[in-house]
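Here is the structure we will look at.
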Amino acid sequence: VPRGVGTFAALRHADGIGSVYCHLENGSVEAGAVRYGAGEKLGVMGDSGYSEGTHLHFIVLDSQTSSFVNPLALLPPLSDRQPPVVRRVSLAVGDRVMALEQGGQVPPGRVEVRAELFDPRAVVSFLWPMAPHGVRLSLDGREVARLAFDALQVSGGRALLRGTPLAAADVWAADGLVRLGAVDLRPGSSRLLVTARDFAGNEVSRDIAFTVRE
């Protein structure tokens with residue numbers, strides 16, 4: 001269990017799955033080992049521990065794969081017709097970050113593509129926005145990178161996006177943009193397509209046509 005979660009309840013389920021309910025109201029959770037049935041009250045949502053407001057931090061653990069599982073992958077689907085947000089697409093070379101604009105011109109070479117991506121359903125005033133389920137990056141009609149935010153797998157003391165060698169610092173830049181991957185830009189006309197999808201199946205794309213200078 002991460003530090004700073006305050007008062008919490010941890011449940012053990014079948015097939016190696018565990019769930020943790022964090023930042024509960026102090027004194028609202030029964031101490032010791034307790035057997036709960038479906039629909040029984042675990043505690044009261046609060047702001048104990050490291051918290052900037054009343055909320056529930058819900059964690060799902062898979063002990064068989066040593067993974068933190070995105071709860072939306074297991075819970076019943078929620079009604080949601082609002083697609084993810086894709087904006088602030090940028091190109092980074094070292095410490096230099098350039099906004100990629102429709103019809104713009106950029107220098108040739110290898111660059112890292114970054115973008116602001118989030119699921120607006122989960123935006124709250126005291127926490128960071130929720131990532132979409134997945135994102136794809138294509139250059140000139142060819143997919144060059146793909147990320148899925150369905151689970152974090154613990155390996156060597158690090159939590160990595162499942163199936164990748166990427167930790168949080170490898171995915172999110174200091175400015176909050178998601179590092180989508182590196183591409184080689186060659187002189188001429190190009191199109192960059194960033195597509196994000198949420199757990200409800202809503203999808204949005206940002207298609208940018210630009211020119212790579214000689």
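Ligands are numbered from 1 in the order shown, chains are lettered A, B, ... in the order of the structure tokens, and residues start at 1 in each chain.
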Write out as number ranges by chain which residues come within 12 Å of A:Leu166 when counting only C-alpha atoms, dropping same-chain ones fewer than 4 positions away. A: 147-149, 151-155, 158-162, 170-172, 178-181
Write out as a VMD selection string which residues come within 12 Å of stretch 26-33 of chain A when counting only C-alpha atoms, dropping same-chain ones fewer than 4 positions away. chain A and resid 5 to 12 21 to 22 40 to 49
